[in-house]
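With PDB, C-alpha atoms inside, this is work27.pdb:
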```
ATOM      1  CA  MET A1386     -45.548 -13.580  -9.975
ATOM      2  CA  ASP A1387     -42.140 -14.949  -9.023
ATOM      3  CA  TYR A1388     -41.727 -14.351  -5.259
ATOM      4  CA  GLY A1389     -38.254 -15.859  -5.467
ATOM      5  CA  ARG A1390     -37.008 -12.437  -6.534
ATOM      6  CA  TYR A1391     -37.781 -11.072  -3.090
ATOM      7  CA  PHE A1392     -36.439 -11.579   0.410
ATOM      8  CA  ASP A1393     -38.181 -14.335   2.390
ATOM      9  CA  VAL A1394     -39.507 -12.369   5.359
ATOM     10  CA  ALA A1395     -41.551 -15.347   6.591
ATOM     11  CA  ALA A1396     -38.388 -17.436   6.995
ATOM     12  CA  LEU A1397     -36.727 -14.598   8.861
ATOM     13  CA  LEU A1398     -39.630 -14.257  11.283
ATOM     14  CA  ALA A1399     -39.880 -18.026  11.738
ATOM     15  CA  GLY A1400     -36.286 -18.093  12.964
ATOM     16  CA  GLY A1401     -36.741 -15.069  15.213
ATOM     17  CA  LEU A1402     -35.267 -11.651  14.566
ATOM     18  CA  PRO A1403     -31.570 -11.472  15.474
ATOM     19  CA  GLU A1404     -30.370  -9.176  18.218
ATOM     20  CA  PRO A1405     -28.939  -5.854  17.005
ATOM     21  CA  PRO A1406     -25.137  -6.012  16.744
ATOM     22  CA  ALA A1407     -23.014  -4.702  19.592
ATOM     23  CA  PRO A1408     -19.627  -2.967  19.257
ATOM     24  CA  THR A1409     -16.613  -5.279  19.657
ATOM     25  CA  TYR A1410     -13.341  -3.292  19.662
ATOM     26  CA  GLY A1411     -12.111  -0.212  21.453
ATOM     27  CA  ILE A1412     -13.059  -1.578  24.856
ATOM     28  CA  ARG A1413     -13.821   0.977  27.576
ATOM     29  CA  ASP A1414     -13.097   0.446  31.252
ATOM     30  CA  ASP A1415     -16.735  -0.625  31.763
ATOM     31  CA  GLN A1416     -16.169  -3.443  29.195
ATOM     32  CA  ARG A1417     -18.436  -1.787  26.631
ATOM     33  CA  ALA A1418     -16.829  -1.229  23.231
ATOM     34  CA  LEU A1419     -16.819   1.519  20.599
ATOM     35  CA  PHE A1420     -16.412  -0.069  17.145
ATOM     36  CA  TYR A1421     -18.506  -2.608  15.244
ATOM     37  CA  ALA A1422     -17.005  -5.664  13.557
ATOM     38  CA  GLY A1423     -18.080  -6.184   9.970
ATOM     39  CA  GLU A1424     -18.850  -2.489   9.548
ATOM     40  CA  VAL A1425     -17.214   0.713   8.369
ATOM     41  CA  ASN A1426     -16.544   2.965  11.372
ATOM     42  CA  LEU A1427     -15.351   6.570  11.147
ATOM     43  CA  VAL A1428     -12.960   8.444  13.466
ATOM     44  CA  PHE A1429     -12.654  12.154  12.717
ATOM     45  CA  GLY A1430     -11.299  15.311  14.306
ATOM     46  CA  ASP A1431      -8.749  18.090  14.064
ATOM     47  CA  PRO A1432      -5.048  17.497  13.368
ATOM     48  CA  GLU A1433      -3.171  15.894  16.288
ATOM     49  CA  SER A1434      -6.365  15.352  18.271
ATOM     50  CA  GLY A1435      -5.695  11.634  18.887
ATOM     51  CA  LYS A1436      -7.579  10.024  15.983
ATOM     52  CA  THR A1437      -4.803   7.633  14.977
ATOM     53  CA  TRP A1438      -3.990   6.857  18.610
ATOM     54  CA  LEU A1439      -7.618   5.792  19.175
ATOM     55  CA  ALA A1440      -7.618   3.507  16.124
ATOM     56  CA  LEU A1441      -4.323   1.907  17.160
ATOM     57  CA  VAL A1442      -5.568   1.407  20.723
ATOM     58  CA  ALA A1443      -8.411  -0.675  19.276
ATOM     59  CA  ALA A1444      -5.987  -2.527  16.972
ATOM     60  CA  ARG A1445      -3.631  -3.275  19.860
ATOM     61  CA  GLU A1446      -6.400  -5.315  21.546
ATOM     62  CA  LEU A1447      -5.808  -8.016  18.917
ATOM     63  CA  LEU A1448      -2.023  -7.901  19.117
ATOM     64  CA  GLY A1449      -1.364  -9.044  22.648
ATOM     65  CA  GLU A1450       1.054 -11.808  23.577
ATOM     66  CA  HIS A1451      -1.673 -14.406  23.993
ATOM     67  CA  GLY A1452      -4.093 -13.159  21.347
ATOM     68  CA  ASP A1453      -4.660 -14.511  17.875
ATOM     69  CA  GLY A1454      -6.360 -11.575  16.180
ATOM     70  CA  ARG A1455      -5.238 -10.033  12.896
ATOM     71  CA  VAL A1456      -4.700  -6.355  12.116
ATOM     72  CA  LEU A1457      -4.123  -4.586   8.804
ATOM     73  CA  VAL A1458      -2.905  -0.979   8.671
ATOM     74  CA  ILE A1459      -3.393   0.787   5.329
ATOM     75  CA  ASP A1460      -1.214   3.877   5.559
ATOM     76  CA  LEU A1461      -2.371   6.201   2.791
ATOM     77  CA  ASP A1462      -1.071   9.211   4.746
ATOM     78  CA  HIS A1463       2.470   7.808   4.517
ATOM     79  CA  ASN A1464       3.131   8.093   8.231
ATOM     80  CA  GLY A1465       5.710   5.357   7.730
ATOM     81  CA  PRO A1466       6.139   1.810   9.086
ATOM     82  CA  ALA A1467       8.587   2.784  11.867
ATOM     83  CA  PRO A1468       6.334   5.451  13.463
ATOM     84  CA  THR A1469       3.262   3.214  13.145
ATOM     85  CA  VAL A1470       4.945   0.156  14.665
ATOM     86  CA  GLY A1471       6.562   2.412  17.281
ATOM     87  CA  ARG A1472       3.158   3.618  18.400
ATOM     88  CA  LEU A1473       1.826   0.070  18.656
ATOM     89  CA  LEU A1474       4.859  -0.961  20.710
ATOM     90  CA  ALA A1475       4.359   2.055  22.978
ATOM     91  CA  LEU A1476       0.785   0.858  23.521
ATOM     92  CA  GLY A1477       2.055  -2.573  24.578
ATOM     93  CA  ALA A1478       1.614  -4.613  21.397
ATOM     94  CA  ASP A1479       3.563  -7.864  21.382
ATOM     95  CA  VAL A1480       6.792  -7.878  19.333
ATOM     96  CA  ALA A1481       6.174 -11.442  18.147
ATOM     97  CA  ALA A1482       2.670 -10.541  16.977
ATOM     98  CA  LEU A1483       3.897  -7.495  15.050
ATOM     99  CA  SER A1484       6.640  -9.586  13.452
ATOM    100  CA  ASN A1485       4.232 -12.300  12.323
ATOM    101  CA  PRO A1486       2.602 -11.663   8.906
ATOM    102  CA  GLU A1487      -0.186 -13.990   9.988
ATOM    103  CA  ARG A1488      -1.043 -11.482  12.732
ATOM    104  CA  PHE A1489      -0.071  -8.020  11.487
ATOM    105  CA  LEU A1490       0.271  -6.400   8.072
ATOM    106  CA  TYR A1491       1.288  -2.852   7.204
ATOM    107  CA  VAL A1492       1.138  -1.355   3.718
ATOM    108  CA  GLU A1493       1.480   1.967   1.907
ATOM    109  CA  PRO A1494      -0.435   1.333  -1.350
ATOM    110  CA  GLU A1495       1.389   2.624  -4.403
ATOM    111  CA  ASP A1496      -1.719   3.121  -6.520
ATOM    112  CA  ARG A1497      -5.300   2.040  -7.034
ATOM    113  CA  LEU A1498      -4.342  -1.385  -8.442
ATOM    114  CA  HIS A1499      -2.094  -2.108  -5.467
ATOM    115  CA  LEU A1500      -4.931  -1.206  -3.101
ATOM    116  CA  ALA A1501      -7.373  -3.414  -5.033
ATOM    117  CA  ALA A1502      -4.998  -6.366  -4.606
ATOM    118  CA  ILE A1503      -4.829  -5.705  -0.853
ATOM    119  CA  VAL A1504      -8.622  -5.645  -0.611
ATOM    120  CA  ALA A1505      -8.778  -8.959  -2.495
ATOM    121  CA  ASP A1506      -6.201 -10.520  -0.137
ATOM    122  CA  MET A1507      -8.345  -9.652   2.875
ATOM    123  CA  ARG A1508     -11.163 -11.930   1.705
ATOM    124  CA  THR A1509      -9.084 -14.894   2.839
ATOM    125  CA  TRP A1510      -6.724 -13.261   5.371
ATOM    126  CA  ALA A1511      -9.806 -12.101   7.349
ATOM    127  CA  PRO A1512      -8.505  -9.310   9.625
ATOM    128  CA  GLY A1513     -10.279  -8.447  12.833
ATOM    129  CA  VAL A1514      -9.422  -4.736  12.577
ATOM    130  CA  VAL A1515      -8.426  -2.644   9.561
ATOM    131  CA  VAL A1516      -7.063   0.861  10.171
ATOM    132  CA  LEU A1517      -7.239   3.091   7.089
ATOM    133  CA  ASP A1518      -5.425   6.404   7.495
ATOM    134  CA  SER A1519      -6.815   8.508   5.949
ATOM    135  CA  LEU A1520      -9.978   8.914   3.914
ATOM    136  CA  GLY A1521      -8.669  12.192   2.516
ATOM    137  CA  GLU A1522      -5.897  10.276   0.717
ATOM    138  CA  LEU A1523      -8.125   7.406  -0.440
ATOM    139  CA  LEU A1524     -10.284   9.494  -2.737
ATOM    140  CA  PRO A1525      -7.428  11.021  -4.790
ATOM    141  CA  LEU A1526      -6.161   7.491  -5.375
ATOM    142  CA  PHE A1527      -9.395   6.976  -7.318
ATOM    143  CA  GLY A1528      -9.135  10.365  -8.990
ATOM    144  CA  SER A1529     -12.135  11.360  -6.893
ATOM    145  CA  SER A1530     -13.234  14.494  -5.107
ATOM    146  CA  SER A1531     -14.195  14.515  -1.429
ATOM    147  CA  ASN A1532     -17.141  16.742  -2.391
ATOM    148  CA  SER A1533     -18.690  14.341  -4.903
ATOM    149  CA  ALA A1534     -21.243  11.916  -3.482
ATOM    150  CA  ASP A1535     -21.049   9.621  -6.518
ATOM    151  CA  GLU A1536     -17.245   9.482  -6.521
ATOM    152  CA  TYR A1537     -17.091   8.860  -2.777
ATOM    153  CA  THR A1538     -19.701   6.101  -3.092
ATOM    154  CA  ASN A1539     -17.560   4.415  -5.758
ATOM    155  CA  ALA A1540     -14.492   4.428  -3.484
ATOM    156  CA  HIS A1541     -16.616   3.149  -0.601
ATOM    157  CA  ARG A1542     -18.007   0.316  -2.737
ATOM    158  CA  SER A1543     -14.569  -0.624  -4.062
ATOM    159  CA  VAL A1544     -12.545  -0.519  -0.834
ATOM    160  CA  LEU A1545     -14.350   0.127   2.437
ATOM    161  CA  LYS A1546     -17.378  -2.111   1.974
ATOM    162  CA  PRO A1547     -15.388  -5.182   0.829
ATOM    163  CA  LEU A1548     -13.031  -4.780   3.786
ATOM    164  CA  ALA A1549     -16.020  -4.726   6.139
ATOM    165  CA  LYS A1550     -17.482  -7.792   4.399
ATOM    166  CA  SER A1551     -14.301  -9.662   5.328
ATOM    167  CA  GLY A1552     -15.587  -9.384   8.918
ATOM    168  CA  ALA A1553     -13.255  -6.593   9.987
ATOM    169  CA  ALA A1554     -14.025  -3.559  12.051
ATOM    170  CA  VAL A1555     -12.856  -0.993   9.503
ATOM    171  CA  LEU A1556     -11.609   2.129  11.299
ATOM    172  CA  VAL A1557     -11.399   4.991   8.817
ATOM    173  CA  ILE A1558      -9.654   8.191   9.892
ATOM    174  CA  ASP A1559     -10.864  11.504   8.516
ATOM    175  CA  HIS A1560     -10.545  15.236   9.141
ATOM    176  CA  LEU A1561     -13.025  17.873  10.231
ATOM    177  CA  ALA A1562     -14.388  20.413   7.812
ATOM    178  CA  LYS A1563     -12.872  23.893   8.048
ATOM    179  CA  GLY A1564     -16.040  26.005   8.056
ATOM    180  CA  THR A1565     -17.477  26.857  11.481
ATOM    181  CA  GLU A1566     -21.006  25.720  10.639
ATOM    182  CA  SER A1567     -20.041  22.575   8.721
ATOM    183  CA  ARG A1568     -17.709  21.461  11.530
ATOM    184  CA  THR A1569     -20.724  20.900  13.749
ATOM    185  CA  LEU A1570     -21.981  18.265  11.284
ATOM    186  CA  GLY A1571     -18.808  16.199  11.025
ATOM    187  CA  PRO A1572     -15.988  15.492   8.561
ATOM    188  CA  GLY A1573     -15.375  17.614   5.508
ATOM    189  CA  GLY A1574     -16.636  16.763   2.032
ATOM    190  CA  THR A1575     -19.778  15.079   0.817
ATOM    191  CA  ALA A1576     -22.575  14.059   3.197
ATOM    192  CA  ALA A1577     -22.314  10.576   1.657
ATOM    193  CA  LYS A1578     -19.418   9.939   4.050
ATOM    194  CA  ARG A1579     -21.793   9.986   6.988
ATOM    195  CA  ARG A1580     -24.645   8.248   5.166
ATOM    196  CA  THR A1581     -22.557   5.178   4.302
ATOM    197  CA  ILE A1582     -21.231   4.565   7.822
ATOM    198  CA  GLY A1583     -22.598   1.191   8.866
ATOM    199  CA  GLY A1584     -21.087   1.229  12.353
ATOM    200  CA  VAL A1585     -20.238   4.250  14.477
ATOM    201  CA  SER A1586     -18.859   7.692  13.681
ATOM    202  CA  LEU A1587     -16.832   9.182  16.542
ATOM    203  CA  ARG A1588     -15.664  12.759  16.892
ATOM    204  CA  VAL A1589     -12.278  13.086  18.646
ATOM    205  CA  THR A1590     -11.569  16.367  20.424
ATOM    206  CA  ILE A1591      -8.312  17.118  22.200
ATOM    207  CA  ASN A1592      -8.403  17.422  25.982
ATOM    208  CA  GLU A1593      -4.693  17.265  26.883
ATOM    209  CA  PRO A1594      -2.218  17.513  23.961
ATOM    210  CA  PHE A1595      -0.474  14.259  23.062
ATOM    211  CA  ALA A1596       3.308  14.329  23.438
ATOM    212  CA  PRO A1597       5.884  11.556  22.842
ATOM    213  CA  GLY A1598       6.453   9.569  26.013
ATOM    214  CA  LYS A1599       4.018  11.729  27.981
ATOM    215  CA  GLY A1600       0.668  10.643  26.582
ATOM    216  CA  GLY A1601      -2.384  12.881  26.535
ATOM    217  CA  SER A1602      -6.148  12.615  26.414
ATOM    218  CA  ALA A1603      -9.088  13.264  24.095
ATOM    219  CA  TRP A1604     -12.847  13.325  24.351
ATOM    220  CA  LEU A1605     -14.876  10.931  22.207
ATOM    221  CA  THR A1606     -18.423  11.816  21.213
ATOM    222  CA  VAL A1607     -20.990   9.855  19.187
ATOM    223  CA  ASN A1608     -21.667  11.587  15.886
ATOM    224  CA  LYS A1609     -23.593   8.616  14.473
ATOM    225  CA  ASP A1610     -24.416   5.109  15.668
ATOM    226  CA  ARG A1611     -26.450   3.190  13.120
ATOM    227  CA  HIS A1612     -27.270   0.258  15.416
ATOM    228  CA  GLY A1613     -27.492   2.156  18.719
ATOM    229  CA  GLY A1614     -25.295  -0.385  20.521
ATOM    230  CA  LEU A1615     -22.859   2.276  21.735
ATOM    231  CA  ARG A1616     -25.223   5.204  22.191
ATOM    232  CA  GLN A1617     -27.393   3.232  24.631
ATOM    233  CA  HIS A1618     -24.381   3.058  26.962
ATOM    234  CA  CYS A1619     -23.599   6.775  26.773
ATOM    235  CA  PRO A1620     -25.493   8.520  29.583
ATOM    236  CA  GLY A1621     -25.238  12.054  28.235
ATOM    237  CA  SER A1622     -28.004  13.798  26.344
ATOM    238  CA  GLY A1623     -27.913  15.988  23.269
ATOM    239  CA  LYS A1624     -27.014  15.457  19.645
ATOM    240  CA  GLU A1625     -23.523  14.065  20.344
ATOM    241  CA  PRO A1626     -23.308  12.376  23.741
ATOM    242  CA  ALA A1627     -19.919  11.575  25.256
ATOM    243  CA  ALA A1628     -18.673   8.097  24.329
ATOM    244  CA  GLY A1629     -15.662   8.220  26.640
ATOM    245  CA  LEU A1630     -12.311   9.786  27.383
ATOM    246  CA  LEU A1631      -9.226   8.287  25.747
ATOM    247  CA  ARG A1632      -6.237   8.535  28.067
ATOM    248  CA  LEU A1633      -2.650   7.565  27.355
ATOM    249  CA  ASP A1634      -0.641   7.684  30.577
ATOM    250  CA  PRO A1635       3.093   6.980  30.956
ATOM    251  CA  HIS A1636       3.718   3.551  32.449
ATOM    252  CA  ALA A1637       4.893   3.799  36.036
ATOM    253  CA  ALA A1638       7.668   1.212  35.645
ATOM    254  CA  VAL A1639       8.561   0.947  31.942
ATOM    255  CA  ASP A1640      10.054   3.960  30.212
ATOM    256  CA  GLY A1641       8.462   4.759  26.855
ATOM    257  CA  LEU A1642       5.436   2.527  27.448
ATOM    258  CA  LEU A1643       1.969   4.071  27.553
ATOM    259  CA  GLU A1644      -1.065   2.715  29.365
ATOM    260  CA  PRO A1645      -4.157   3.263  27.211
ATOM    261  CA  VAL A1646      -7.516   3.577  28.909
ATOM    262  CA  ILE A1647     -10.845   4.484  27.349
ATOM    263  CA  ARG A1648     -12.780   5.724  30.353
ATOM    264  CA  ALA A1649     -16.534   5.260  30.119
ATOM    265  CA  PRO A1650     -18.512   8.510  30.226
ATOM    266  CA  THR A1651     -20.490   9.593  33.275
ATOM    267  CA  LYS A1652     -23.534  11.833  33.432
ATOM    268  CA  ASP A1653     -21.328  14.568  34.891
ATOM    269  CA  ASP A1654     -18.792  14.583  32.029
ATOM    270  CA  LYS A1655     -18.496  17.905  30.257
ATOM    271  CA  ALA A1656     -17.481  16.795  26.791
ATOM    272  CA  PRO A1657     -17.084  19.530  24.161
ATOM    273  CA  THR A1658     -20.319  20.671  22.530
ATOM    274  CA  SER A1659     -18.963  23.253  20.084
ATOM    275  CA  TRP A1660     -16.440  22.673  17.352
ATOM    276  CA  GLY A1661     -16.067  26.026  15.628
ATOM    277  CA  ILE A1662     -12.595  27.045  14.448
ATOM    278  CA  SER A1663     -10.877  28.941  17.251
ATOM    279  CA  VAL A1664      -8.874  32.093  16.669
ATOM    280  CA  THR A1665      -5.750  30.216  17.736
ATOM    281  CA  ASP A1666      -6.380  27.366  15.278
ATOM    282  CA  SER A1667      -7.135  29.741  12.414
ATOM    283  CA  ALA A1668      -3.990  31.754  13.092
ATOM    284  CA  ARG A1669      -1.824  28.644  13.194
ATOM    285  CA  VAL A1670      -3.211  27.308   9.928
ATOM    286  CA  ALA A1671      -2.716  30.716   8.281
ATOM    287  CA  ASP A1672       0.890  30.817   9.516
ATOM    288  CA  ASP A1673       1.520  27.281   8.264
ATOM    289  CA  VAL A1674       0.071  28.087   4.838
ATOM    290  CA  ALA A1675       2.279  31.184   4.662
ATOM    291  CA  ALA A1676       5.281  29.013   5.508
ATOM    292  CA  LEU A1677       4.428  26.639   2.651
ATOM    293  CA  ASP A1678       4.094  29.641   0.339
ATOM    294  CA  ALA A1679       7.683  30.539   1.113
ATOM    295  CA  LEU A1680       9.055  27.116   0.147
ATOM    296  CA  ASP A1681      11.149  26.990  -3.012
ATOM    297  CA  PRO A1682      10.455  24.728  -4.776
ATOM    298  CA  PRO A1683       6.758  24.459  -3.729
ATOM    299  CA  PRO A1684       5.731  21.467  -1.588
ATOM    300  CA  LYS A1685       4.932  18.316  -3.536
ATOM    301  CA  SER A1686       3.472  16.001  -0.905
ATOM    302  CA  LYS A1687       2.714  15.620   2.775
ATOM    303  CA  ARG A1688       5.938  13.693   3.296
ATOM    304  CA  ASP A1689       7.825  16.512   1.538
ATOM    305  CA  VAL A1690       6.291  19.011   3.972
ATOM    306  CA  GLN A1691       7.128  16.827   6.968
ATOM    307  CA  ASP A1692      10.750  16.455   5.882
ATOM    308  CA  ARG A1693      11.314  20.118   5.080
ATOM    309  CA  MET A1694       9.314  21.713   7.884
ATOM    310  CA  GLY A1695       9.810  19.137  10.643
ATOM    311  CA  TRP A1696       6.061  18.989  11.329
ATOM    312  CA  GLY A1697       3.964  16.058  12.481
ATOM    313  CA  SER A1698       1.748  14.118  10.054
ATOM    314  CA  ASP A1699      -1.564  15.768  10.935
ATOM    315  CA  ARG A1700      -0.158  19.298  10.933
ATOM    316  CA  ALA A1701       1.578  18.781   7.585
ATOM    317  CA  ASN A1702      -1.549  17.237   6.076
ATOM    318  CA  SER A1703      -3.827  20.042   7.308
ATOM    319  CA  ALA A1704      -1.517  22.818   6.118
ATOM    320  CA  LEU A1705      -0.902  21.228   2.703
ATOM    321  CA  ARG A1706      -4.606  20.572   2.136
ATOM    322  CA  THR A1707      -5.481  24.189   2.960
ATOM    323  CA  TRP A1708      -2.574  25.483   0.827
ATOM    324  CA  ARG A1709      -3.821  23.466  -2.172
ATOM    325  CA  GLU A1710      -7.459  24.433  -1.677
ATOM    326  CA  GLU A1711      -6.595  28.132  -1.573
ATOM    327  CA  ARG A1712      -4.871  27.690  -4.946
ATOM    328  CA  GLY A1713      -7.671  25.680  -6.488
ATOM    329  CA  GLU A1714      -5.597  22.502  -6.629
ATOM    330  CA  SER A1715      -6.993  19.038  -5.928
TER     331      SER A1715
END
```

Any chance you could give the structure as structure tokens?
Amino acid sequence: MDYGRYFDVAALLAGGLPEPPAPTYGIRDDQRALFYAGEVNLVFGDPESGKTWLALVAARELLGEHGDGRVLVIDLDHNGPAPTVGRLLALGADVAALSNPERFLYVEPEDRLHLAAIVADMRTWAPGVVVLDSLGELLPLFGSSSNSADEYTNAHRSVLKPLAKSGAAVLVIDHLAKGTESRTLGPGGTAAKRRTIGGVSLRVTINEPFAPGKGGSAWLTVNKDRHGGLRQHCPGSGKEPAAGLLRLDPHAAVDGLLEPVIRAPTKDDKAPTSWGISVTDSARVADDVAALDALDPPPKSKRDVQDRMGWGSDRANSALRTWREERGES
């Protein structure tokens, strides 16, 4: 029998088992972190709950004046370079770092081949953090359905896993399911999304609405933590303990600047424990879908909805997705 086909467990034990990995980015005020380097991490929640803000807060940690970290933003939601860079500047990112292609890269992939070239570039560029916004737009790029485990796994193997192998903390943004029962489990679509998370999956729930120049706050709860390095520092009990409270507060001296803080949870924190669709949320989505129904010609894309309705990215994306689903469109 050829034992060379198999992993050498004896050699592993002779060298001593390595310590479980600890999260690296998204540093809380107790110096513990949220996201794992070299892993795919998921950030999910309702529209305008603070998901993208949280990912950019973690990215900003590498883009300080005296840092040397690298950040890639893959904008599949077409939020646009100006709004994305504007948010990073508001969080205190260094202008020189953002202007340096050796430190920061932003891209809106045109198609699957363009995205494949980006993934290949990262093997040598070696980013510390990759923000991919959003998973809901990645799958259609592959002609895939969010409800197919096999098709999701193919997209994960082609894009997310190679990015993580470059050493990056890959922060993937996704949306909650619409059904009341399924929302308690996590993001919409196939369960393979959760199964393939190698790092942490965080649920983001609005606490104080985010407004330009005024900040806001959101609860973070642990939906999954494969290595346990974050969960062990979350004192709450239950299925989804609090991981912290993201706060963006206006800077006391600099207009337009926000001070991001991820406050560590305490045993007395009352983070949300139910994520059913509220009457208010359902009514708003229904109104938005009705508004899209009235458009002539019909909406073609999220950017089209944003331009014609004047809505934010998350609201436009949520309304358009629901509008298409109700009509049986992909």

On this structure, the PyMOL selection byres ((chain A and resi 1642-1658) around 9) would catch which residues? List them as a VMD selection string, sorted by chain and number. chain A and resid 1411 to 1417 1439 1442 1474 to 1477 1569 1590 1598 to 1600 1604 to 1606 1618 to 1641 1659 to 1660

Run the PyMOL selection byres ((chain A and resi 1419-1426) around 8) mentally over the shown coordinates, then write out the matched residues as a ChimeraX atom specification, using the chain letters and numbers from the document. /A:1406-1413,1417-1418,1427-1428,1513-1514,1545-1546,1549-1557,1582-1586,1615,1628

With C-alpha atoms retained, export the selected residues as a compact mmCIF listing (two decimals), keeping the file's coordinate frame.
```
# COMPACT_ATOMS: atom_id res chain seq x y z
CA PRO A 1406 -25.14 -6.01 16.74
CA ALA A 1407 -23.01 -4.70 19.59
CA PRO A 1408 -19.63 -2.97 19.26
CA THR A 1409 -16.61 -5.28 19.66
CA TYR A 1410 -13.34 -3.29 19.66
CA GLY A 1411 -12.11 -0.21 21.45
CA ILE A 1412 -13.06 -1.58 24.86
CA ARG A 1413 -13.82 0.98 27.58
CA ARG A 1417 -18.44 -1.79 26.63
CA ALA A 1418 -16.83 -1.23 23.23
CA LEU A 1427 -15.35 6.57 11.15
CA VAL A 1428 -12.96 8.44 13.47
CA GLY A 1513 -10.28 -8.45 12.83
CA VAL A 1514 -9.42 -4.74 12.58
CA LEU A 1545 -14.35 0.13 2.44
CA LYS A 1546 -17.38 -2.11 1.97
CA ALA A 1549 -16.02 -4.73 6.14
CA LYS A 1550 -17.48 -7.79 4.40
CA SER A 1551 -14.30 -9.66 5.33
CA GLY A 1552 -15.59 -9.38 8.92
CA ALA A 1553 -13.26 -6.59 9.99
CA ALA A 1554 -14.02 -3.56 12.05
CA VAL A 1555 -12.86 -0.99 9.50
CA LEU A 1556 -11.61 2.13 11.30
CA VAL A 1557 -11.40 4.99 8.82
CA ILE A 1582 -21.23 4.57 7.82
CA GLY A 1583 -22.60 1.19 8.87
CA GLY A 1584 -21.09 1.23 12.35
CA VAL A 1585 -20.24 4.25 14.48
CA SER A 1586 -18.86 7.69 13.68
CA LEU A 1615 -22.86 2.28 21.74
CA ALA A 1628 -18.67 8.10 24.33
```

Decode the PyMOL selection byres ((chain A and resi 1483) around 12) for the given file into explicit residues and return them as a PyMOL selection string. chain A and resi 1444-1445+1447-1450+1452-1458+1466-1467+1469-1474+1477-1482+1484-1491

Selection from above, C-alpha atoms, as a short mmCIF file (atom, residue, chain, number, x, y, z; two decimals), keeping the file's coordinate frame, can you write it?
```cif
data_model
loop_
_atom_site.label_atom_id
_atom_site.label_comp_id
_atom_site.auth_asym_id
_atom_site.auth_seq_id
_atom_site.Cartn_x
_atom_site.Cartn_y
_atom_site.Cartn_z
CA ALA A 1444 -5.99 -2.53 16.97
CA ARG A 1445 -3.63 -3.28 19.86
CA LEU A 1447 -5.81 -8.02 18.92
CA LEU A 1448 -2.02 -7.90 19.12
CA GLY A 1449 -1.36 -9.04 22.65
CA GLU A 1450 1.05 -11.81 23.58
CA GLY A 1452 -4.09 -13.16 21.35
CA ASP A 1453 -4.66 -14.51 17.88
CA GLY A 1454 -6.36 -11.58 16.18
CA ARG A 1455 -5.24 -10.03 12.90
CA VAL A 1456 -4.70 -6.36 12.12
CA LEU A 1457 -4.12 -4.59 8.80
CA VAL A 1458 -2.90 -0.98 8.67
CA PRO A 1466 6.14 1.81 9.09
CA ALA A 1467 8.59 2.78 11.87
CA THR A 1469 3.26 3.21 13.14
CA VAL A 1470 4.94 0.16 14.66
CA GLY A 1471 6.56 2.41 17.28
CA ARG A 1472 3.16 3.62 18.40
CA LEU A 1473 1.83 0.07 18.66
CA LEU A 1474 4.86 -0.96 20.71
CA GLY A 1477 2.06 -2.57 24.58
CA ALA A 1478 1.61 -4.61 21.40
CA ASP A 1479 3.56 -7.86 21.38
CA VAL A 1480 6.79 -7.88 19.33
CA ALA A 1481 6.17 -11.44 18.15
CA ALA A 1482 2.67 -10.54 16.98
CA SER A 1484 6.64 -9.59 13.45
CA ASN A 1485 4.23 -12.30 12.32
CA PRO A 1486 2.60 -11.66 8.91
CA GLU A 1487 -0.19 -13.99 9.99
CA ARG A 1488 -1.04 -11.48 12.73
CA PHE A 1489 -0.07 -8.02 11.49
CA LEU A 1490 0.27 -6.40 8.07
CA TYR A 1491 1.29 -2.85 7.20
#
```
